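Notes to accompany the following structure.
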Amino acid sequence: LPYYKRKPDMKMLEIGLGCDMNYEPGASVALWKKLFPKANLWEAEYNNTCVEISTKQGKLDGFNTLVGDQGNNSTLDGWIDKSGGEFDVIIDDGGHHNCQIMASFIKLWPTLKPGGLYFIEDLSVGKWMGYRKYSTASCPTTFIFSDKLQVWLEDLIYQGGYGSRKWDVHFMFCQAEACVLGKKPLDA
């Protein structure tokens, strides 16, 4: 909300419409429309049929949609091309598989504007065996995304002093099940 207050025309992408959830798809979409009425809202989802049905039901009115597997680089490239990237906020509440999260982060982080926020939800399932079956050529089933976050946090804390940052993360904040990474603003 503070980000929106500063920039009501923000561009936000949420991965995960909730098509496989028992509360039915679009719960967060309804919230985003109420909280951020002036924002440029994007929703990405794996299940194309669910997106089509949700669109016909009016659940996605005011949203731009992207479809496909968030762990597939070609799909992610297509999302970036279609949306134009340049997001202020990205929320990954998608498939929750470690390799999907990593693939999305690698492709989408560069599209996040300076000062932007990248949220990753439901990290707690990353060590559950059911969420360790998805892999890619560059990401084995043994990869755990939260382990990577710990390495990144160490890099952020021990970066050798001001002015020698290895990358453009300004901060990381984690709580139960989720983290947000803030991208370094232009003036930092």
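Note on naming: chains are A, B, ... as they come in the structure tokens, residues start from 1 per chain, ligands start from 1 in the order shown.
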Please list as JSON, numbers by chain every residue within 6 Å of Ile91 of chain A, counting only C-alpha atoms and excluding residues in the same chain fewer than 2 positions away. {"A": [14, 118, 119]}
I want to know what sits within 8 Å of Ser104 of chain A, based on only C-alpha atoms, with residues of the same chain fewer than 4 positions away left out; could you give that as an mmCIF file with all heavy atoms, in the first residue's frame?
```cif
data_model
loop_
_atom_site.group_PDB
_atom_site.id
_atom_site.type_symbol
_atom_site.label_atom_id
_atom_site.label_comp_id
_atom_site.auth_asym_id
_atom_site.auth_seq_id
_atom_site.Cartn_x
_atom_site.Cartn_y
_atom_site.Cartn_z
ATOM 1 N N GLN A 70 5.649 -21.049 -15.544
ATOM 2 C CA GLN A 70 6.605 -20.064 -15.050
ATOM 3 C C GLN A 70 8.021 -20.612 -14.949
ATOM 4 O O GLN A 70 8.960 -19.844 -14.749
ATOM 5 C CB GLN A 70 6.160 -19.526 -13.690
ATOM 6 C CG GLN A 70 6.385 -20.510 -12.555
ATOM 7 C CD GLN A 70 6.018 -19.955 -11.211
ATOM 8 O OE1 GLN A 70 4.941 -20.231 -10.733
ATOM 9 N NE2 GLN A 70 6.903 -19.184 -10.603
ATOM 10 N N GLY A 71 8.204 -21.901 -15.112
ATOM 11 C CA GLY A 71 9.530 -22.500 -15.084
ATOM 12 C C GLY A 71 10.158 -22.647 -16.464
ATOM 13 O O GLY A 71 11.284 -23.094 -16.600
ATOM 14 N N LEU A 76 8.506 -17.483 -20.208
ATOM 15 C CA LEU A 76 8.856 -16.243 -19.507
ATOM 16 C C LEU A 76 9.270 -15.145 -20.483
ATOM 17 O O LEU A 76 8.874 -13.984 -20.321
ATOM 18 C CB LEU A 76 9.954 -16.509 -18.489
ATOM 19 C CG LEU A 76 9.524 -17.380 -17.304
ATOM 20 C CD1 LEU A 76 10.735 -17.904 -16.551
ATOM 21 C CD2 LEU A 76 8.588 -16.630 -16.380
ATOM 22 N N GLN A 100 10.713 -23.621 -10.553
ATOM 23 C CA GLN A 100 9.840 -22.620 -11.152
ATOM 24 C C GLN A 100 10.139 -21.244 -10.564
ATOM 25 O O GLN A 100 10.241 -20.256 -11.298
ATOM 26 C CB GLN A 100 8.367 -22.959 -10.898
ATOM 27 C CG GLN A 100 7.837 -24.118 -11.689
ATOM 28 C CD GLN A 100 6.397 -24.417 -11.330
ATOM 29 O OE1 GLN A 100 6.033 -24.448 -10.159
ATOM 30 N NE2 GLN A 100 5.575 -24.646 -12.340
ATOM 31 N N LEU A 108 12.602 -12.563 -14.484
ATOM 32 C CA LEU A 108 11.766 -11.407 -14.193
ATOM 33 C C LEU A 108 12.445 -10.339 -13.348
ATOM 34 O O LEU A 108 12.088 -9.160 -13.440
ATOM 35 C CB LEU A 108 10.459 -11.858 -13.528
ATOM 36 C CG LEU A 108 9.554 -12.726 -14.406
ATOM 37 C CD1 LEU A 108 8.366 -13.230 -13.611
ATOM 38 C CD2 LEU A 108 9.108 -11.978 -15.649
ATOM 39 N N TRP A 109 13.416 -10.725 -12.503
ATOM 40 C CA TRP A 109 14.104 -9.717 -11.691
ATOM 41 C C TRP A 109 14.676 -8.580 -12.548
ATOM 42 O O TRP A 109 14.507 -7.411 -12.205
ATOM 43 C CB TRP A 109 15.195 -10.369 -10.837
ATOM 44 C CG TRP A 109 15.979 -9.377 -10.036
ATOM 45 C CD1 TRP A 109 17.211 -8.840 -10.350
ATOM 46 C CD2 TRP A 109 15.598 -8.757 -8.804
ATOM 47 N NE1 TRP A 109 17.610 -7.944 -9.380
ATOM 48 C CE2 TRP A 109 16.630 -7.875 -8.421
ATOM 49 C CE3 TRP A 109 14.474 -8.861 -7.978
ATOM 50 C CZ2 TRP A 109 16.575 -7.105 -7.260
ATOM 51 C CZ3 TRP A 109 14.428 -8.096 -6.822
ATOM 52 C CH2 TRP A 109 15.470 -7.235 -6.471
#
```
Counting only C-alpha atoms, what is within 10 Å of Lys7 of chain A, bar same-chain residues fewer than 3 positions away, as a PyMOL selection string? chain A and resi 1-4+10-11+38-39+88
So that I can see what lies close to Lys148 of chain A, please list as number ranges by chain the residues with an atom at most 9 Å from it, counting only C-alpha atoms and leaving out residues fewer than 5 positions away in the same chain. A: 102, 143, 153
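Near Val29 of chain A, within a cut-off of 10 Å and counting only C-alpha atoms, sit the residues Glu14, Gly16, Leu17, Gly18, Leu35, Leu41, Trp42, Glu43, Lys59, Leu60, Asp61, Gly62 and Phe63 of chain A, with same-chain residues fewer than 6 positions away left out.
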How would the residues just picked look written out with N, CA and C atoms as a short mmCIF file (atom, residue, chain, number, x, y, z; two decimals), in the first residue's frame?
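Full text of again-v5.cif as output:
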```cif
data_model
loop_
_atom_site.label_atom_id
_atom_site.label_comp_id
_atom_site.auth_asym_id
_atom_site.auth_seq_id
_atom_site.Cartn_x
_atom_site.Cartn_y
_atom_site.Cartn_z
N GLU A 14 1.22 -10.56 -10.92
CA GLU A 14 1.07 -11.67 -9.97
C GLU A 14 1.11 -12.96 -10.77
N GLY A 16 0.10 -16.72 -10.62
CA GLY A 16 -0.75 -17.64 -9.89
C GLY A 16 -2.14 -17.10 -9.65
N LEU A 17 -3.07 -17.49 -10.48
CA LEU A 17 -4.47 -17.09 -10.35
C LEU A 17 -5.18 -17.90 -9.27
N GLY A 18 -4.63 -19.04 -8.91
CA GLY A 18 -5.26 -19.89 -7.89
C GLY A 18 -6.21 -20.91 -8.48
N LEU A 35 -7.77 -2.68 -3.96
CA LEU A 35 -6.66 -1.96 -3.33
C LEU A 35 -5.93 -1.02 -4.29
N LEU A 41 -2.46 -3.80 -13.98
CA LEU A 41 -2.43 -5.12 -13.36
C LEU A 41 -2.28 -6.25 -14.39
N TRP A 42 -1.36 -7.16 -14.07
CA TRP A 42 -1.10 -8.33 -14.91
C TRP A 42 -1.23 -9.58 -14.06
N GLU A 43 -1.80 -10.62 -14.64
CA GLU A 43 -1.96 -11.90 -13.96
C GLU A 43 -1.44 -13.01 -14.86
N LYS A 59 -14.01 -12.23 -13.85
CA LYS A 59 -13.08 -12.16 -12.72
C LYS A 59 -11.79 -11.44 -13.08
N LEU A 60 -11.46 -11.41 -14.36
CA LEU A 60 -10.21 -10.79 -14.79
C LEU A 60 -10.41 -9.45 -15.49
N ASP A 61 -11.61 -8.86 -15.33
CA ASP A 61 -11.85 -7.53 -15.89
C ASP A 61 -10.84 -6.56 -15.29
N GLY A 62 -10.20 -5.79 -16.14
CA GLY A 62 -9.21 -4.83 -15.69
C GLY A 62 -7.81 -5.41 -15.57
N PHE A 63 -7.66 -6.68 -15.91
CA PHE A 63 -6.35 -7.35 -15.84
C PHE A 63 -5.89 -7.74 -17.23
#
```
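As for atom CA of Gln57 of chain A and atom CA of Gly94 of chain A, they are spaced 21.2 Å apart.
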Residues near Leu186 of chain A, anyone? I mean within 12 Å using only C-alpha atoms, not counting same-chain ones fewer than 2 positions away, as JSON, numbers by chain. {"A": [113, 114, 115, 116, 168, 169, 170, 183, 184, 188]}
If you run DSSP on the backbone here, which positions in segment 56-180 of chain A get helix (DSSP H, G or I)? Please write them as JSON, numbers by chain. {"A": [56, 73, 74, 75, 76, 77, 78, 79, 80, 81, 82, 83, 98, 99, 100, 101, 102, 103, 104, 105, 106, 107, 108, 109, 110, 111, 123, 124, 125, 126, 127, 129, 130, 131, 145, 146, 147, 148, 149, 150, 151, 152, 153, 154, 155, 156, 157]}
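Counting only C-alpha atoms and comparing A:Asn40, A:Asn47, A:Thr141, A:Asn72, the residue that lies closest to His97 of chain A is A:Thr141.
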Going by DSSP on the backbone, which residues of segment 24-183 of chain A come out as strand (DSSP E or B)? List them as a VMD selection string. chain A and resid 40 to 45 63 to 67 87 to 92 112 to 120 136 139 169 to 175 178 to 183
Could you write out the selected residues, including C-alpha atoms, as an mmCIF file, in the first residue's frame?
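For reference, selection-v7.cif as written:
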```cif
data_model
loop_
_atom_site.group_PDB
_atom_site.id
_atom_site.type_symbol
_atom_site.label_atom_id
_atom_site.label_comp_id
_atom_site.auth_asym_id
_atom_site.auth_seq_id
_atom_site.Cartn_x
_atom_site.Cartn_y
_atom_site.Cartn_z
ATOM 1 C CA ASN A 40 -1.635 -1.558 -14.465
ATOM 2 C CA LEU A 41 -2.428 -5.125 -13.357
ATOM 3 C CA TRP A 42 -1.098 -8.330 -14.907
ATOM 4 C CA GLU A 43 -1.961 -11.905 -13.956
ATOM 5 C CA ALA A 44 0.000 -14.983 -15.065
ATOM 6 C CA GLU A 45 -1.375 -18.511 -14.801
ATOM 7 C CA PHE A 63 -6.355 -7.352 -15.842
ATOM 8 C CA ASN A 64 -3.948 -8.265 -18.587
ATOM 9 C CA THR A 65 -3.274 -12.001 -18.684
ATOM 10 C CA LEU A 66 -0.281 -14.186 -19.402
ATOM 11 C CA VAL A 67 -0.447 -17.975 -19.702
ATOM 12 C CA PHE A 87 7.200 -3.960 -13.402
ATOM 13 C CA ASP A 88 7.036 -2.061 -10.141
ATOM 14 C CA VAL A 89 5.840 -5.101 -8.185
ATOM 15 C CA ILE A 90 6.057 -8.824 -8.919
ATOM 16 C CA ILE A 91 4.325 -11.399 -6.730
ATOM 17 C CA ASP A 92 5.247 -15.054 -7.262
ATOM 18 C CA LEU A 112 11.705 -5.047 -12.135
ATOM 19 C CA LYS A 113 12.157 -1.284 -11.997
ATOM 20 C CA PRO A 114 14.698 0.244 -9.611
ATOM 21 C CA GLY A 115 13.023 0.574 -6.209
ATOM 22 C CA GLY A 116 10.570 -2.202 -7.112
ATOM 23 C CA LEU A 117 9.427 -5.095 -4.930
ATOM 24 C CA TYR A 118 9.601 -8.829 -5.710
ATOM 25 C CA PHE A 119 7.505 -11.051 -3.411
ATOM 26 C CA ILE A 120 7.878 -14.833 -3.242
ATOM 27 C CA THR A 136 14.787 -28.226 -15.673
ATOM 28 C CA CYS A 139 17.804 -26.865 -12.057
ATOM 29 C CA VAL A 169 19.205 -6.105 -4.279
ATOM 30 C CA HIS A 170 18.661 -3.285 -1.806
ATOM 31 C CA PHE A 171 17.046 -5.391 0.936
ATOM 32 C CA MET A 172 15.517 -8.765 1.752
ATOM 33 C CA PHE A 173 12.748 -9.229 4.278
ATOM 34 C CA CYS A 174 11.536 -12.697 5.143
ATOM 35 C CA GLN A 175 8.828 -13.902 7.459
ATOM 36 C CA ALA A 178 7.406 -15.603 2.286
ATOM 37 C CA CYS A 179 10.105 -13.094 1.396
ATOM 38 C CA VAL A 180 10.246 -9.774 -0.404
ATOM 39 C CA LEU A 181 13.334 -8.486 -2.171
ATOM 40 C CA GLY A 182 13.614 -4.790 -2.868
ATOM 41 C CA LYS A 183 15.518 -3.664 -5.909
#
```
With a distance cut-off of 10 Å and only C-alpha atoms, select the neighbouring residues of Cys19 of chain A, excluding the residue or stretch itself and same-chain residues fewer than 4 positions from it, and output the selection as number ranges by chain. A: 23-27, 45-51, 54, 94
Those same residues, written as a PDB file, in the first residue's frame with C-alpha atoms?
```
ATOM      1  CA  TYR A  23     -11.396 -21.432  -2.756  1.00  0.00           C
ATOM      2  CA  GLU A  24     -11.559 -21.067  -6.583  1.00  0.00           C
ATOM      3  CA  PRO A  25      -9.476 -18.809  -8.807  1.00  0.00           C
ATOM      4  CA  GLY A  26      -9.257 -15.079  -8.568  1.00  0.00           C
ATOM      5  CA  ALA A  27      -9.368 -14.433  -4.809  1.00  0.00           C
ATOM      6  CA  GLU A  45      -1.375 -18.511 -14.801  1.00  0.00           C
ATOM      7  CA  TYR A  46      -0.383 -21.984 -15.982  1.00  0.00           C
ATOM      8  CA  ASN A  47      -3.914 -23.209 -16.709  1.00  0.00           C
ATOM      9  CA  ASN A  48      -5.212 -21.585 -19.909  1.00  0.00           C
ATOM     10  CA  THR A  49      -8.711 -23.103 -19.561  1.00  0.00           C
ATOM     11  CA  CYS A  50      -9.042 -21.586 -16.105  1.00  0.00           C
ATOM     12  CA  VAL A  51      -7.941 -18.187 -17.445  1.00  0.00           C
ATOM     13  CA  SER A  54     -12.298 -16.661 -15.317  1.00  0.00           C
ATOM     14  CA  GLY A  94       2.494 -19.591  -8.680  1.00  0.00           C
TER      15      GLY A  94
END
```
Quick check, in Å to one decimal: how far apart do atom CA of Trp79 of chain A and atom CA of Met129 of chain A lie? 28.8 Å
